[in-house]
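Q: One structure coming up, written as structure tokens, with questions to follow.
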Amino acid sequence: MKLLGSAGSPYARKARIAMLEKKVNCEFVFDRPSEPGSNVPKYNPLSKVPVLVLDDGKGMIDSSVIVEYFDGIGSGPKLIPVDFPARIAVRQWEALGDGIVDAIVALTHDSRYTENCDASAGWYQKQLKKIEAGLAAAQGDIGNHEFCYGNAFSLGDICVGMALAYLDRAYASYDWRGKYPGLKRYADKLFARPTFQQSLPPKA
Ligand SMILES: N[C@@H](CCC(=O)N[C@@H](CS)C(=O)NCC(=O)O)C(=O)O
């Protein structure tokens with residue numbers, strides 16, 4: 001099995017952290033779909049990463065599906081709880097983390113975006129509002145806890161963590177640690193986790 005992902009993709013990192021947490025025997029291969037010669041389109045008709053190449057040569061797509069697959073075949077504690085209400089709560093955290101990432105991508109990939117562009121412009125404020133409301137909601141709900149949900153690490157922590165880490169990579173001028181000190185406290189511990197360290201992308 002091979003997990004294909006580009007160095008900067010937050011969704012690829014989400015799947016990679018899940019793979020490491022669940023001790024799945026799978027190789028992570030850097031592959032950028034936009035580059036000529038990329039193998040991604042062979043396995044994902046949408047040409048996006050992550051994509052998991054299974055031993056029978058078939059591709060499995062979307063980080064959410066891949067994480068659930070790793071959670072099913074890997075060892076160690078569940079990333080997605082079995083109990084229904086807990087499962088839905090963790091999936092909500094996944095949706096929040098992924099949604100913050102979507103807004104960061106929409107803001108920073110807009111052709112008008114530069115570090116010095118007009119931050120009062122409507123297109124900028126629209127995405128910034130989503131990012132800030134998402135961060136405020138995460139900070140409020142996490143409070144002083146170590147994890148998003150309950151007393152254990154879960155997929156929710158992977159998703160909120162990869163969103164915060166992606167802010168550092170794609171939107172480095174944004175001082176989320178200063179604005180959301182509760183998230184800084186939470187992330188300091190989360191980022192020190194071995195699987196977050198092992199999946200650190202090479203510098204942009
Ligand atoms: N919902 C997908 C999103 C994947 C996604 O948007 N990947 C981006 C990189 S972060 C990508 O491959 N973009 C290339 C493209 O859209 O052409 C998932 O969770 O896997």
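Labels used: A, B, ... for chains in the order of the structure tokens, numbers from 1 for residues in each chain, and numbers from 1 for ligands as shown.
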Neighbours of ligand 1 within 9 Å, counting only C-alpha atoms and all ligand atoms, as an MDAnalysis selection string?
A: chainID A and resid 5:6 8:15 32:34 40 46:51 61:66 98 101:102 105
Q: Based on the selection just made, write N, CA, C and O atoms of those residues as a tab-separated table (two decimals), in the first residue's frame.
A:
```tsv
chain	number	residue	atom	x	y	z
A	5	GLY	N	0.80	11.85	-1.49
A	5	GLY	CA	0.41	13.19	-1.03
A	5	GLY	C	1.50	14.20	-1.34
A	5	GLY	O	2.67	13.84	-1.43
A	6	SER	N	1.10	15.44	-1.54
A	6	SER	CA	2.11	16.48	-1.77
A	6	SER	C	2.61	16.98	-0.42
A	6	SER	O	1.93	16.82	0.61
A	8	GLY	N	2.85	19.90	0.85
A	8	GLY	CA	2.12	20.97	1.55
A	8	GLY	C	0.67	20.66	1.82
A	8	GLY	O	-0.02	21.48	2.45
A	9	SER	N	0.16	19.52	1.37
A	9	SER	CA	-1.28	19.29	1.49
A	9	SER	C	-1.71	18.96	2.91
A	9	SER	O	-1.28	17.95	3.49
A	10	PRO	N	-2.61	19.78	3.48
A	10	PRO	CA	-3.09	19.47	4.83
A	10	PRO	C	-3.91	18.18	4.88
A	10	PRO	O	-3.89	17.46	5.87
A	11	TYR	N	-4.63	17.89	3.78
A	11	TYR	CA	-5.44	16.67	3.77
A	11	TYR	C	-4.56	15.42	3.69
A	11	TYR	O	-4.88	14.39	4.28
A	12	ALA	N	-3.46	15.54	2.96
A	12	ALA	CA	-2.53	14.42	2.91
A	12	ALA	C	-1.90	14.22	4.29
A	12	ALA	O	-1.70	13.09	4.74
A	13	ARG	N	-1.63	15.33	4.97
A	13	ARG	CA	-1.03	15.21	6.30
A	13	ARG	C	-2.02	14.57	7.28
A	13	ARG	O	-1.63	13.75	8.13
A	14	LYS	N	-3.28	14.92	7.14
A	14	LYS	CA	-4.32	14.31	7.99
A	14	LYS	C	-4.30	12.79	7.83
A	14	LYS	O	-4.27	12.03	8.83
A	15	ALA	N	-4.28	12.33	6.58
A	15	ALA	CA	-4.27	10.87	6.33
A	15	ALA	C	-2.96	10.26	6.83
A	15	ALA	O	-2.95	9.15	7.39
A	32	ARG	N	2.90	15.33	-6.34
A	32	ARG	CA	2.11	16.55	-6.49
A	32	ARG	C	1.28	16.46	-7.76
A	32	ARG	O	1.86	16.39	-8.86
A	33	PRO	N	-0.07	16.47	-7.64
A	33	PRO	CA	-0.89	16.22	-8.83
A	33	PRO	C	-0.67	17.22	-9.94
A	33	PRO	O	-0.88	16.90	-11.11
A	34	SER	N	-0.23	18.43	-9.61
A	34	SER	CA	-0.07	19.45	-10.66
A	34	SER	C	1.22	19.26	-11.46
A	34	SER	O	1.44	19.92	-12.46
A	40	VAL	N	-0.89	10.61	-9.47
A	40	VAL	CA	-2.18	10.82	-8.80
A	40	VAL	C	-3.37	10.61	-9.74
A	40	VAL	O	-4.32	9.89	-9.38
A	46	LEU	N	-10.22	12.67	-9.73
A	46	LEU	CA	-10.33	14.09	-9.37
A	46	LEU	C	-8.95	14.76	-9.29
A	46	LEU	O	-8.85	15.96	-9.04
A	47	SER	N	-7.89	13.93	-9.42
A	47	SER	CA	-6.50	14.45	-9.38
A	47	SER	C	-6.21	15.24	-8.10
A	47	SER	O	-5.67	16.35	-8.15
A	48	LYS	N	-6.61	14.68	-7.00
A	48	LYS	CA	-6.34	15.33	-5.72
A	48	LYS	C	-5.63	14.37	-4.79
A	48	LYS	O	-5.76	13.15	-4.92
A	49	VAL	N	-4.91	14.95	-3.84
A	49	VAL	CA	-4.30	14.14	-2.79
A	49	VAL	C	-4.96	14.46	-1.46
A	49	VAL	O	-5.46	15.57	-1.28
A	50	PRO	N	-4.99	13.49	-0.55
A	50	PRO	CA	-4.33	12.19	-0.61
A	50	PRO	C	-5.10	11.18	-1.46
A	50	PRO	O	-6.31	11.29	-1.63
A	51	VAL	N	-4.33	10.20	-1.96
A	51	VAL	CA	-4.95	9.01	-2.54
A	51	VAL	C	-4.17	7.81	-2.03
A	51	VAL	O	-2.94	7.85	-1.94
A	61	ILE	N	-9.95	7.22	-2.47
A	61	ILE	CA	-9.82	8.68	-2.43
A	61	ILE	C	-10.55	9.31	-1.25
A	61	ILE	O	-11.45	8.71	-0.68
A	62	ASP	N	-10.11	10.48	-0.94
A	62	ASP	CA	-10.64	11.39	0.08
A	62	ASP	C	-10.10	11.05	1.47
A	62	ASP	O	-10.22	9.90	1.95
A	63	SER	N	-9.56	12.06	2.12
A	63	SER	CA	-8.91	11.85	3.42
A	63	SER	C	-9.87	11.22	4.43
A	63	SER	O	-9.47	10.40	5.25
A	64	SER	N	-11.14	11.59	4.35
A	64	SER	CA	-12.09	11.10	5.32
A	64	SER	C	-12.28	9.58	5.21
A	64	SER	O	-12.33	8.86	6.22
A	65	VAL	N	-12.34	9.11	3.97
A	65	VAL	CA	-12.51	7.67	3.72
A	65	VAL	C	-11.22	6.93	4.08
A	65	VAL	O	-11.24	5.86	4.72
A	66	ILE	N	-10.09	7.50	3.70
A	66	ILE	CA	-8.80	6.85	3.96
A	66	ILE	C	-8.56	6.72	5.47
A	66	ILE	O	-8.12	5.68	5.96
A	98	ASP	N	-11.63	20.55	8.80
A	98	ASP	CA	-11.58	20.55	7.33
A	98	ASP	C	-12.14	21.87	6.78
A	98	ASP	O	-11.62	22.41	5.79
A	101	VAL	N	-9.64	24.60	7.02
A	101	VAL	CA	-8.65	24.41	5.94
A	101	VAL	C	-9.22	24.90	4.60
A	101	VAL	O	-8.54	25.60	3.85
A	102	ASP	N	-10.46	24.55	4.32
A	102	ASP	CA	-11.07	25.00	3.05
A	102	ASP	C	-11.04	26.52	2.94
A	102	ASP	O	-10.77	27.07	1.87
A	105	VAL	N	-7.49	27.71	2.29
A	105	VAL	CA	-7.16	27.46	0.87
A	105	VAL	C	-7.83	28.51	0.00
A	105	VAL	O	-7.20	29.12	-0.88
```
Q: Counting only C-alpha atoms, give me one row per residue of segment 78-103 of chain A with an atom at most 12 Å from an atom of segment 130-145 of chain A, showing the shortest contact pair and its distance in Å to one decimal, sorted by chain then residue number, as a tab-separated table.
A:
```
residue	atom	partner	partner_atom	distance
A:Ala89	CA	A:Asp141	CA	11.6
A:Gln92	CA	A:Ala138	CA	10.9
A:Trp93	CA	A:Ala138	CA	8.4
A:Glu94	CA	A:Ala138	CA	11.2
A:Ala95	CA	A:Gly134	CA	10.3
A:Leu96	CA	A:Gly134	CA	6.7
A:Gly97	CA	A:Gly134	CA	8.0
A:Asp98	CA	A:Gly134	CA	10.1
A:Gly99	CA	A:Gly134	CA	7.9
A:Ile100	CA	A:Ile131	CA	5.3
A:Val101	CA	A:Ile131	CA	8.1
A:Asp102	CA	A:Ile131	CA	9.0
A:Ala103	CA	A:Ile131	CA	6.2
```
Q: Would you export the selected residues with N, CA and C atoms as a PDB file, in the first residue's frame, please?
A:
```pdb
ATOM      1  N   ALA A  89     -19.907  13.257  17.223  1.00  0.00           N
ATOM      2  CA  ALA A  89     -19.196  14.412  17.809  1.00  0.00           C
ATOM      3  C   ALA A  89     -17.798  14.543  17.203  1.00  0.00           C
ATOM      4  N   GLN A  92     -17.991  15.801  13.749  1.00  0.00           N
ATOM      5  CA  GLN A  92     -18.229  17.250  13.739  1.00  0.00           C
ATOM      6  C   GLN A  92     -16.911  18.008  13.834  1.00  0.00           C
ATOM      7  N   TRP A  93     -16.020  17.505  14.692  1.00  0.00           N
ATOM      8  CA  TRP A  93     -14.698  18.138  14.807  1.00  0.00           C
ATOM      9  C   TRP A  93     -13.934  18.030  13.494  1.00  0.00           C
ATOM     10  N   GLU A  94     -14.096  16.891  12.838  1.00  0.00           N
ATOM     11  CA  GLU A  94     -13.440  16.725  11.536  1.00  0.00           C
ATOM     12  C   GLU A  94     -13.971  17.785  10.556  1.00  0.00           C
ATOM     13  N   ALA A  95     -15.296  17.964  10.555  1.00  0.00           N
ATOM     14  CA  ALA A  95     -15.907  18.932   9.633  1.00  0.00           C
ATOM     15  C   ALA A  95     -15.419  20.348   9.940  1.00  0.00           C
ATOM     16  N   LEU A  96     -15.252  20.648  11.216  1.00  0.00           N
ATOM     17  CA  LEU A  96     -14.783  21.993  11.585  1.00  0.00           C
ATOM     18  C   LEU A  96     -13.331  22.197  11.125  1.00  0.00           C
ATOM     19  N   GLY A  97     -12.465  21.241  11.425  1.00  0.00           N
ATOM     20  CA  GLY A  97     -11.053  21.357  11.016  1.00  0.00           C
ATOM     21  C   GLY A  97     -10.928  21.435   9.502  1.00  0.00           C
ATOM     22  N   ASP A  98     -11.630  20.547   8.798  1.00  0.00           N
ATOM     23  CA  ASP A  98     -11.577  20.551   7.328  1.00  0.00           C
ATOM     24  C   ASP A  98     -12.135  21.866   6.777  1.00  0.00           C
ATOM     25  N   GLY A  99     -13.185  22.371   7.409  1.00  0.00           N
ATOM     26  CA  GLY A  99     -13.817  23.620   6.952  1.00  0.00           C
ATOM     27  C   GLY A  99     -12.877  24.813   7.122  1.00  0.00           C
ATOM     28  N   ILE A 100     -12.122  24.829   8.211  1.00  0.00           N
ATOM     29  CA  ILE A 100     -11.135  25.917   8.403  1.00  0.00           C
ATOM     30  C   ILE A 100     -10.080  25.820   7.303  1.00  0.00           C
ATOM     31  N   VAL A 101      -9.639  24.598   7.017  1.00  0.00           N
ATOM     32  CA  VAL A 101      -8.647  24.413   5.944  1.00  0.00           C
ATOM     33  C   VAL A 101      -9.216  24.902   4.603  1.00  0.00           C
ATOM     34  N   ASP A 102     -10.462  24.554   4.320  1.00  0.00           N
ATOM     35  CA  ASP A 102     -11.071  24.997   3.050  1.00  0.00           C
ATOM     36  C   ASP A 102     -11.043  26.520   2.943  1.00  0.00           C
ATOM     37  N   ALA A 103     -11.325  27.208   4.054  1.00  0.00           N
ATOM     38  CA  ALA A 103     -11.325  28.685   4.028  1.00  0.00           C
ATOM     39  C   ALA A 103      -9.906  29.233   3.867  1.00  0.00           C
TER      40      ALA A 103
END
```
Q: Could you check which of A:Cys117, A:Leu54, A:Ala187, A:Ala165 is closest to Leu200 of chain A, using only C-alpha atoms?
A: A:Ala165
Q: Residues within 8 Å of Glu21 of chain A, please, as a PyMOL selection string. Count only C-alpha atoms; anything in the same chain fewer than 4 positions from it doesn't count.
A: chain A and resi 17+76+195
Q: Those same residues, written as a compact mmCIF listing (two decimals), in the first residue's frame with C-alpha atoms?
A:
```txt
# COMPACT_ATOMS: atom_id res chain seq x y z
CA ILE A 17 -0.98 11.22 10.78
CA GLY A 76 -4.22 0.92 18.72
CA THR A 195 3.04 11.51 14.72
```
Q: Pick out the closest residue to Gln198 of chain A from this set: A:Lys22, A:Arg16, A:Arg91, A:Lys126. Count only C-alpha atoms.
A: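 Smallest separation from Gln198 of chain A among the options: A:Arg16.
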Q: Can you tell me how far atom CA of Phe196 of chain A sits from atom CA of Ser154 of chain A, in Å to one decimal?
A: 13.2 Å
Q: Counting only C-alpha atoms, which of A:Ser75, A:Thr108, A:Asn116, A:Gln197 gets nearest to Met19 of chain A?
A: A:Ser75
Q: May I have all residues of chain A that DSSP, computed from the backbone, assigns to alpha helix (DSSP H), given as a ChimeraX atom specification?
A: /A:10-21,40-43,63-73,84-108,122-142,155-170,176-179,181-191,194-198
Q: Enumerate, as number ranges by chain, the complete set of residues in segment 4-78 of chain A that a backbone-based DSSP assignment places in strand (DSSP E).
A: A: 4-5, 27-30, 51-53, 59-61
Q: Figure out the distance between atom CA of Ala170 of chain A and atom CA of Thr114 of chain A, please, to one decimal in Å.
A: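 Atom CA of Thr114 of chain A sits 10.8 Å away from atom CA of Ala170 of chain A.
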